[in-house]
Amino acid sequence: MSTVGKPYHWWQTGVVYQIYPRSFQDSNGDGIGDLAGIILRMDYLKDTLGVDAIWLSPFYPSPMVDFGYDIADYCDVDPMFGDLATFDRLVAEAHRRGLKVIVDYVPNHTSDQHAWFVESRASRQSPKREWYIWRDPKPDGSPPNNWGGFFGGPAWTLDPATGQYYLHQFVPEQPELNWRNPEVVRAMLDVLRFWMKRGVDGFRMDVVGLLIKDAELRDNPPNPNAPAGLPPNDIFGRQLHTYSEDQDEVHDLIRQIRCTLDEFPDRVGIGELWGDLPRWVKYYGENGDELQLPFNFRLIHLPWKAEALQASVDALEAALPPFGWPNYVLSNHDQARFASRCGGQAQARVAAMLLLSLRGTPTVYYGDELGLENGVIPPHKIQDPQGVNLGAHRTRDVARTPMQWDARPQAGFSSVEPWLPVTSDFEVRNVAAQLQDPSSVLTLYRRLIAVRRGSRALQVGSYRPLEAGAPGVFAFVREADGERVLAALNFNGEPVQVAFPGFGAGQILVSTSGREGEVAPADLTLAPHEGLLMTL
Ligand code: GLC
Ligand code: CA
């Protein structure tokens, strides 16, 4: 595939790094990470790791019932994280280094403390009443429909003062905005403009598939494949979300959002979208007029097996419209830590190579570059409402523990006990130690990111799967402008013999086992859990 002269956008060629601000770096000794802390670590992001863009989870004023995803003011910074001046400094420090800044946009719901909701709930005649979704109870007093919330319980709460229910598919403190109301649309598009004027380069958009609900708010049908053993309050888990997600009318709104982004040069819209492939692919728009990057979470829920992963990648490649740019994610603040999910450190290294060599924009979750594993959170320290309501095994706190910078107490994250405990391995698993260790996972990430940056084939080249002739191996070729890179990933715990005929000698770019030199693709032995990137 010739890419010569083709202009690519930064969000196509770059590597995105997700920061959970509460847990990255505390600068003022209150045990909670903050914006000034992120500024302190900017050189790590740019020079040490070498990423191109950072995405910050919410730092807006919030009662923190859902740790910032319940926003009380879209256009300010929570004092816990800093202030607007600090944010401006963060953008300036990032841009000075050539780093792009993506912020979280949470359009589906506000906090119940947002001035809009306070006004909306004040009376049925309130001018903001129709900014949220209010409905009368059924004649027997029960909620307007059967929908359940993601974090357990019904999706409706009765407001006794005005006698109506309001909709919230997360915690009751997250009332949902009524995007069928043009005033809401206008106000929310202005939020995008507010941040773009401050220099923000893009948005990660929270649950955008939920913005529009069925016009009649019909009952959701039961899910015949609901897993057994769900807690009684998990109404959501027992339903299909036929009328609450991915309604056709949502695409009009996404196009309006995209038009707003396009008022500013080269801004990116990334959507949190969970639907199946046919529903998901629609969010690119019919002519690329919706989101540039609907997040692709497919690798997250698959068994960590070469065949399943390859089938998913191939299906994605086949489903993408010609203008659709792929992207891959292995973890985020809502999932268990990747190294714990995929079965250990050796697999996590192969995973890093996969993420950073597939065709499409990779997003790395903070701490994954150290191979961080699930934190152990004592039951009385569980903070996440999902864990509190649906059981300790569902708590997302495990993936939100403090970043591990060095072997000092609190891992260099804070001078006091942090809001979540530091993982017990921090004395050995930290940035400072791994920088000294040529075989560390951090060294591998740095190398993979640097190699990707230097390779047109890896950044923008075509993708072609290869038959390895052995089970448990995922292999593919990336190619651009005469440069060819072959990736061969052994998911087996044993060595494996593979053959890729038709290629001349390969020069190893990166091996997860540290091997160097020349290899013959036609007759190749991969070490257990070895991933190999070679130029041909
Ligand atoms: C998204 C966020 C998650 C949050 C939820 C409600 O799924 O990633 O952290 O709890 O939306 O905003
Ligand atoms: Ca702090």
# chains A, B, ... in the order shown; residues from 1 in each chain; ligands from 1
>>> residues_near_ligand(ligand="ligand 2", cutoff="12 Å", atoms="only C-alpha atoms and all ligand atoms", output="PyMOL selection string")
chain A and resi 21-38+59+78-82+402+413-419
>>> write_last_selection(atoms="N, CA, C and O atoms", output="CSV table (one decimal), in the first residue's frame")
chain,number,residue,atom,x,y,z
A,21,PRO,N,-6.4,10.8,36.6
A,21,PRO,CA,-5.7,11.9,37.4
A,21,PRO,C,-5.6,11.6,38.9
A,21,PRO,O,-4.6,12.0,39.5
A,22,ARG,N,-6.6,11.0,39.5
A,22,ARG,CA,-6.6,10.7,40.9
A,22,ARG,C,-5.4,9.9,41.3
A,22,ARG,O,-5.0,9.9,42.5
A,23,SER,N,-4.9,9.1,40.3
A,23,SER,CA,-3.9,8.1,40.7
A,23,SER,C,-2.6,8.2,40.0
A,23,SER,O,-1.8,7.3,40.0
A,24,PHE,N,-2.3,9.4,39.4
A,24,PHE,CA,-1.0,9.5,38.6
A,24,PHE,C,0.1,10.1,39.5
A,24,PHE,O,1.2,9.5,39.6
A,25,GLN,N,-0.1,11.3,40.0
A,25,GLN,CA,0.9,11.9,40.8
A,25,GLN,C,0.2,12.9,41.7
A,25,GLN,O,-0.4,13.9,41.2
A,26,ASP,N,0.4,12.8,43.0
A,26,ASP,CA,-0.1,13.8,43.9
A,26,ASP,C,1.0,14.8,44.2
A,26,ASP,O,2.1,14.5,44.6
A,27,SER,N,0.7,16.1,43.9
A,27,SER,CA,1.7,17.1,44.1
A,27,SER,C,1.6,17.9,45.4
A,27,SER,O,2.5,18.6,45.8
A,28,ASN,N,0.5,17.8,46.1
A,28,ASN,CA,0.3,18.6,47.3
A,28,ASN,C,0.0,17.8,48.6
A,28,ASN,O,-0.5,18.4,49.6
A,29,GLY,N,0.3,16.5,48.6
A,29,GLY,CA,0.3,15.8,49.8
A,29,GLY,C,-1.1,15.6,50.4
A,29,GLY,O,-1.3,15.5,51.6
A,30,ASP,N,-2.1,15.4,49.6
A,30,ASP,CA,-3.4,15.0,50.1
A,30,ASP,C,-3.8,13.6,49.7
A,30,ASP,O,-4.9,13.2,50.0
A,31,GLY,N,-2.9,12.9,49.1
A,31,GLY,CA,-3.1,11.5,48.8
A,31,GLY,C,-3.9,11.3,47.5
A,31,GLY,O,-4.3,10.1,47.2
A,32,ILE,N,-4.2,12.4,46.8
A,32,ILE,CA,-5.0,12.3,45.6
A,32,ILE,C,-4.2,12.9,44.5
A,32,ILE,O,-3.7,14.1,44.6
A,33,GLY,N,-4.1,12.3,43.3
A,33,GLY,CA,-3.3,12.8,42.2
A,33,GLY,C,-4.0,14.1,41.7
A,33,GLY,O,-5.2,14.3,42.0
A,34,ASP,N,-3.3,14.9,41.0
A,34,ASP,CA,-3.8,16.2,40.6
A,34,ASP,C,-3.1,16.7,39.3
A,34,ASP,O,-2.2,16.1,38.8
A,35,LEU,N,-3.6,17.8,38.7
A,35,LEU,CA,-3.1,18.3,37.5
A,35,LEU,C,-1.6,18.7,37.6
A,35,LEU,O,-0.8,18.5,36.7
A,36,ALA,N,-1.3,19.4,38.7
A,36,ALA,CA,0.1,19.8,38.9
A,36,ALA,C,1.0,18.6,38.9
A,36,ALA,O,2.2,18.6,38.4
A,37,GLY,N,0.5,17.5,39.4
A,37,GLY,CA,1.3,16.2,39.5
A,37,GLY,C,1.5,15.7,38.0
A,37,GLY,O,2.6,15.2,37.7
A,38,ILE,N,0.5,15.8,37.2
A,38,ILE,CA,0.7,15.4,35.8
A,38,ILE,C,1.8,16.2,35.1
A,38,ILE,O,2.6,15.7,34.4
A,59,PHE,N,-11.6,15.6,35.5
A,59,PHE,CA,-11.0,16.4,36.6
A,59,PHE,C,-11.9,17.6,37.0
A,59,PHE,O,-11.5,18.6,37.5
A,78,ASP,N,-12.1,20.7,39.4
A,78,ASP,CA,-12.3,20.5,40.8
A,78,ASP,C,-11.1,21.0,41.6
A,78,ASP,O,-10.0,20.7,41.3
A,79,PRO,N,-11.3,21.7,42.7
A,79,PRO,CA,-10.2,22.2,43.5
A,79,PRO,C,-9.2,21.1,44.0
A,79,PRO,O,-8.0,21.3,44.1
A,80,MET,N,-9.8,19.9,44.1
A,80,MET,CA,-8.9,18.7,44.4
A,80,MET,C,-7.9,18.5,43.4
A,80,MET,O,-6.8,18.0,43.6
A,81,PHE,N,-8.2,18.8,42.1
A,81,PHE,CA,-7.2,18.6,41.0
A,81,PHE,C,-6.5,19.8,40.6
A,81,PHE,O,-5.5,19.7,39.8
A,82,GLY,N,-6.9,21.0,41.0
A,82,GLY,CA,-6.2,22.2,40.6
A,82,GLY,C,-7.2,23.3,40.3
A,82,GLY,O,-8.3,23.4,40.9
A,402,PRO,N,-2.5,3.7,42.8
A,402,PRO,CA,-1.5,4.8,42.4
A,402,PRO,C,-0.4,4.3,41.5
A,402,PRO,O,0.0,3.1,41.6
A,413,PHE,N,4.3,8.3,44.7
A,413,PHE,CA,3.0,8.9,44.3
A,413,PHE,C,2.6,10.0,45.2
A,413,PHE,O,2.1,11.1,44.7
A,414,SER,N,2.8,9.8,46.4
A,414,SER,CA,2.3,10.9,47.4
A,414,SER,C,3.2,10.8,48.7
A,414,SER,O,3.9,9.8,48.9
A,415,SER,N,3.1,11.8,49.5
A,415,SER,CA,3.8,11.8,50.7
A,415,SER,C,3.0,11.3,51.9
A,415,SER,O,3.4,11.1,53.0
A,416,VAL,N,1.7,11.0,51.6
A,416,VAL,CA,0.8,10.5,52.6
A,416,VAL,C,0.0,9.3,52.1
A,416,VAL,O,0.2,9.0,50.9
A,417,GLU,N,-0.7,8.6,52.9
A,417,GLU,CA,-1.5,7.4,52.5
A,417,GLU,C,-2.4,7.8,51.4
A,417,GLU,O,-3.3,8.7,51.5
A,418,PRO,N,-2.3,7.2,50.2
A,418,PRO,CA,-3.2,7.6,49.1
A,418,PRO,C,-4.6,7.1,49.2
A,418,PRO,O,-4.9,6.3,50.1
A,419,TRP,N,-5.5,7.6,48.3
A,419,TRP,CA,-6.9,7.3,48.4
A,419,TRP,C,-7.2,5.8,48.2
A,419,TRP,O,-8.2,5.3,48.7
>>> residues_near_ligand(ligand="ligand 1", cutoff="7 Å", atoms="only C-alpha atoms and all ligand atoms", output="ChimeraX atom specification")
/A:66,69-70,106,170,206-207,333-334
>>> residues_around(residues="Gly493 (chain A)", least_positions_apart="4", cutoff="10 Å", atoms="only C-alpha atoms", output="list in words")
Ala346, Gln347, Gly472, Ala527, Pro528, His529 and Glu530 of chain A
>>> write_last_selection(atoms="N, CA, C and O atoms", output="mmCIF file, in the first residue's frame")
data_model
loop_
_atom_site.group_PDB
_atom_site.id
_atom_site.type_symbol
_atom_site.label_atom_id
_atom_site.label_comp_id
_atom_site.auth_asym_id
_atom_site.auth_seq_id
_atom_site.Cartn_x
_atom_site.Cartn_y
_atom_site.Cartn_z
ATOM 1 N N ALA A 346 4.398 -12.669 31.323
ATOM 2 C CA ALA A 346 4.919 -13.075 30.014
ATOM 3 C C ALA A 346 3.898 -12.757 28.925
ATOM 4 O O ALA A 346 4.233 -12.220 27.864
ATOM 5 N N GLN A 347 2.617 -13.045 29.227
ATOM 6 C CA GLN A 347 1.562 -12.729 28.258
ATOM 7 C C GLN A 347 1.408 -11.228 28.086
ATOM 8 O O GLN A 347 1.110 -10.742 27.001
ATOM 9 N N GLY A 472 -1.786 -21.389 18.307
ATOM 10 C CA GLY A 472 -1.363 -20.467 19.362
ATOM 11 C C GLY A 472 -0.399 -19.404 18.889
ATOM 12 O O GLY A 472 0.302 -18.790 19.701
ATOM 13 N N ALA A 527 10.497 -18.641 21.074
ATOM 14 C CA ALA A 527 10.596 -19.083 22.471
ATOM 15 C C ALA A 527 9.202 -19.028 23.114
ATOM 16 O O ALA A 527 8.295 -18.409 22.565
ATOM 17 N N PRO A 528 9.023 -19.685 24.280
ATOM 18 C CA PRO A 528 7.724 -19.589 24.960
ATOM 19 C C PRO A 528 7.333 -18.123 25.152
ATOM 20 O O PRO A 528 8.160 -17.315 25.574
ATOM 21 N N HIS A 529 6.094 -17.785 24.836
ATOM 22 C CA HIS A 529 5.584 -16.409 24.982
ATOM 23 C C HIS A 529 6.505 -15.379 24.335
ATOM 24 O O HIS A 529 6.635 -14.271 24.834
ATOM 25 N N GLU A 530 7.118 -15.766 23.246
ATOM 26 C CA GLU A 530 7.945 -14.765 22.572
ATOM 27 C C GLU A 530 7.154 -14.061 21.475
ATOM 28 O O GLU A 530 6.470 -14.681 20.671
#
>>> residues_around(residues="region 478-485 of chain A", least_positions_apart="5", cutoff="12 Å", atoms="only C-alpha atoms", output="PyMOL selection string")
chain A and resi 1-6+356-360+451-452+454-466+503-510+521+532-536
>>> write_last_selection(atoms="N, CA and C atoms", output="tab-separated table (two decimals), in the first residue's frame")
chain	number	residue	atom	x	y	z
A	1	MET	N	0.85	-1.20	0.00
A	1	MET	CA	0.00	0.00	0.00
A	1	MET	C	0.88	1.24	0.00
A	2	SER	N	0.63	2.14	-0.93
A	2	SER	CA	1.44	3.35	-0.97
A	2	SER	C	0.83	4.42	-0.07
A	3	THR	N	1.65	4.91	0.81
A	3	THR	CA	1.18	5.98	1.70
A	3	THR	C	1.95	7.25	1.41
A	4	VAL	N	2.80	7.19	0.37
A	4	VAL	CA	3.67	8.32	0.08
A	4	VAL	C	2.82	9.58	-0.15
A	5	GLY	N	3.18	10.62	0.54
A	5	GLY	CA	2.51	11.89	0.34
A	5	GLY	C	1.15	11.99	1.00
A	6	LYS	N	0.64	10.87	1.52
A	6	LYS	CA	-0.68	10.92	2.15
A	6	LYS	C	-0.59	11.62	3.49
A	356	LEU	N	0.91	-2.54	20.12
A	356	LEU	CA	1.73	-1.50	19.50
A	356	LEU	C	2.20	-1.85	18.09
A	357	SER	N	1.73	-2.99	17.56
A	357	SER	CA	2.12	-3.27	16.18
A	357	SER	C	0.94	-3.54	15.26
A	358	LEU	N	-0.27	-3.57	15.78
A	358	LEU	CA	-1.44	-3.72	14.91
A	358	LEU	C	-1.67	-2.44	14.12
A	359	ARG	N	-2.50	-2.53	13.09
A	359	ARG	CA	-2.85	-1.33	12.31
A	359	ARG	C	-3.95	-0.58	13.06
A	360	GLY	N	-3.66	0.61	13.51
A	360	GLY	CA	-4.66	1.38	14.23
A	360	GLY	C	-4.07	2.03	15.46
A	451	VAL	N	10.16	2.10	18.16
A	451	VAL	CA	10.21	1.39	16.88
A	451	VAL	C	9.02	1.77	16.02
A	452	ARG	N	7.84	1.85	16.66
A	452	ARG	CA	6.64	2.24	15.92
A	452	ARG	C	6.80	3.64	15.34
A	454	GLY	N	9.42	5.08	14.44
A	454	GLY	CA	10.38	5.11	13.35
A	454	GLY	C	9.97	4.31	12.14
A	455	SER	N	8.78	3.71	12.19
A	455	SER	CA	8.41	2.80	11.10
A	455	SER	C	7.10	3.23	10.47
A	456	ARG	N	7.19	3.62	9.22
A	456	ARG	CA	5.99	3.97	8.46
A	456	ARG	C	5.06	2.75	8.35
A	457	ALA	N	5.67	1.59	8.18
A	457	ALA	CA	4.86	0.37	8.04
A	457	ALA	C	4.00	0.16	9.30
A	458	LEU	N	4.60	0.35	10.47
A	458	LEU	CA	3.84	0.12	11.70
A	458	LEU	C	2.84	1.24	11.97
A	459	GLN	N	3.22	2.46	11.63
A	459	GLN	CA	2.30	3.58	11.92
A	459	GLN	C	1.09	3.58	11.00
A	460	VAL	N	1.33	3.40	9.71
A	460	VAL	CA	0.22	3.59	8.78
A	460	VAL	C	0.10	2.49	7.72
A	461	GLY	N	0.94	1.48	7.79
A	461	GLY	CA	0.96	0.47	6.73
A	461	GLY	C	-0.24	-0.46	6.75
A	462	SER	N	-0.33	-1.25	5.69
A	462	SER	CA	-1.43	-2.22	5.59
A	462	SER	C	-1.23	-3.36	6.59
A	463	TYR	N	-2.28	-4.15	6.78
A	463	TYR	CA	-2.25	-5.30	7.68
A	463	TYR	C	-2.65	-6.53	6.87
A	464	ARG	N	-1.84	-7.57	6.99
A	464	ARG	CA	-2.19	-8.84	6.32
A	464	ARG	C	-1.86	-9.99	7.27
A	465	PRO	N	-2.89	-10.76	7.65
A	465	PRO	CA	-2.61	-11.87	8.56
A	465	PRO	C	-1.81	-12.95	7.85
A	466	LEU	N	-1.01	-13.70	8.59
A	466	LEU	CA	-0.21	-14.78	8.00
A	466	LEU	C	-0.57	-16.11	8.66
A	503	PHE	N	9.54	-15.13	2.31
A	503	PHE	CA	10.23	-13.93	2.79
A	503	PHE	C	11.72	-14.20	2.89
A	504	GLY	N	12.52	-13.19	2.57
A	504	GLY	CA	13.97	-13.32	2.76
A	504	GLY	C	14.32	-13.18	4.24
A	505	ALA	N	15.57	-12.96	4.51
A	505	ALA	CA	16.04	-12.86	5.90
A	505	ALA	C	15.34	-11.70	6.62
A	506	GLY	N	15.10	-11.89	7.91
A	506	GLY	CA	14.49	-10.82	8.71
A	506	GLY	C	15.48	-10.28	9.72
A	507	GLN	N	15.41	-8.99	9.93
A	507	GLN	CA	16.26	-8.37	10.94
A	507	GLN	C	15.37	-8.07	12.15
A	508	ILE	N	15.75	-8.61	13.32
A	508	ILE	CA	14.89	-8.41	14.50
A	508	ILE	C	14.89	-6.94	14.93
A	509	LEU	N	13.68	-6.41	15.05
A	509	LEU	CA	13.51	-5.05	15.59
A	509	LEU	C	13.33	-5.11	17.09
A	510	VAL	N	12.43	-6.00	17.53
A	510	VAL	CA	12.19	-6.19	18.95
A	510	VAL	C	11.83	-7.65	19.17
A	521	PRO	N	12.52	-16.17	8.37
A	521	PRO	CA	11.08	-16.40	8.58
A	521	PRO	C	10.62	-17.77	8.07
A	532	LEU	N	7.92	-11.44	18.29
A	532	LEU	CA	9.05	-11.01	17.49
A	532	LEU	C	8.56	-10.02	16.45
A	533	LEU	N	9.24	-8.90	16.37
A	533	LEU	CA	8.99	-7.95	15.28
A	533	LEU	C	10.25	-7.90	14.45
A	534	MET	N	10.10	-8.08	13.15
A	534	MET	CA	11.31	-8.03	12.29
A	534	MET	C	11.03	-7.25	11.02
A	535	THR	N	12.06	-6.62	10.51
A	535	THR	CA	11.92	-6.00	9.18
A	535	THR	C	12.40	-7.01	8.17
A	536	LEU	N	11.81	-6.96	6.99
A	536	LEU	CA	12.16	-7.94	5.96
A	536	LEU	C	12.86	-7.25	4.81
>>> atom_distance(atom1="CA of Pro172 (chain A)", atom2="CA of Phe203 (chain A)")
25.1 Å
>>> select_by_dssp(residues="region 225-405 of chain A", states="alpha helix (DSSP H)", output="PyMOL selection string")
chain A and resi 250-261+277-281+306-319+338-341+345-357+385-390
>>> residues_around(residues="region 276-285 of chain A", least_positions_apart="3", cutoff="7 Å", atoms="only C-alpha atoms", output="PyMOL selection string")
chain A and resi 273+288-292+294+320+324
>>> select_by_dssp(residues="region 383-471 of chain A", states="strand (DSSP E)", output="list in words")
Ser462, Tyr463, Arg464, Pro465 and Leu466 of chain A
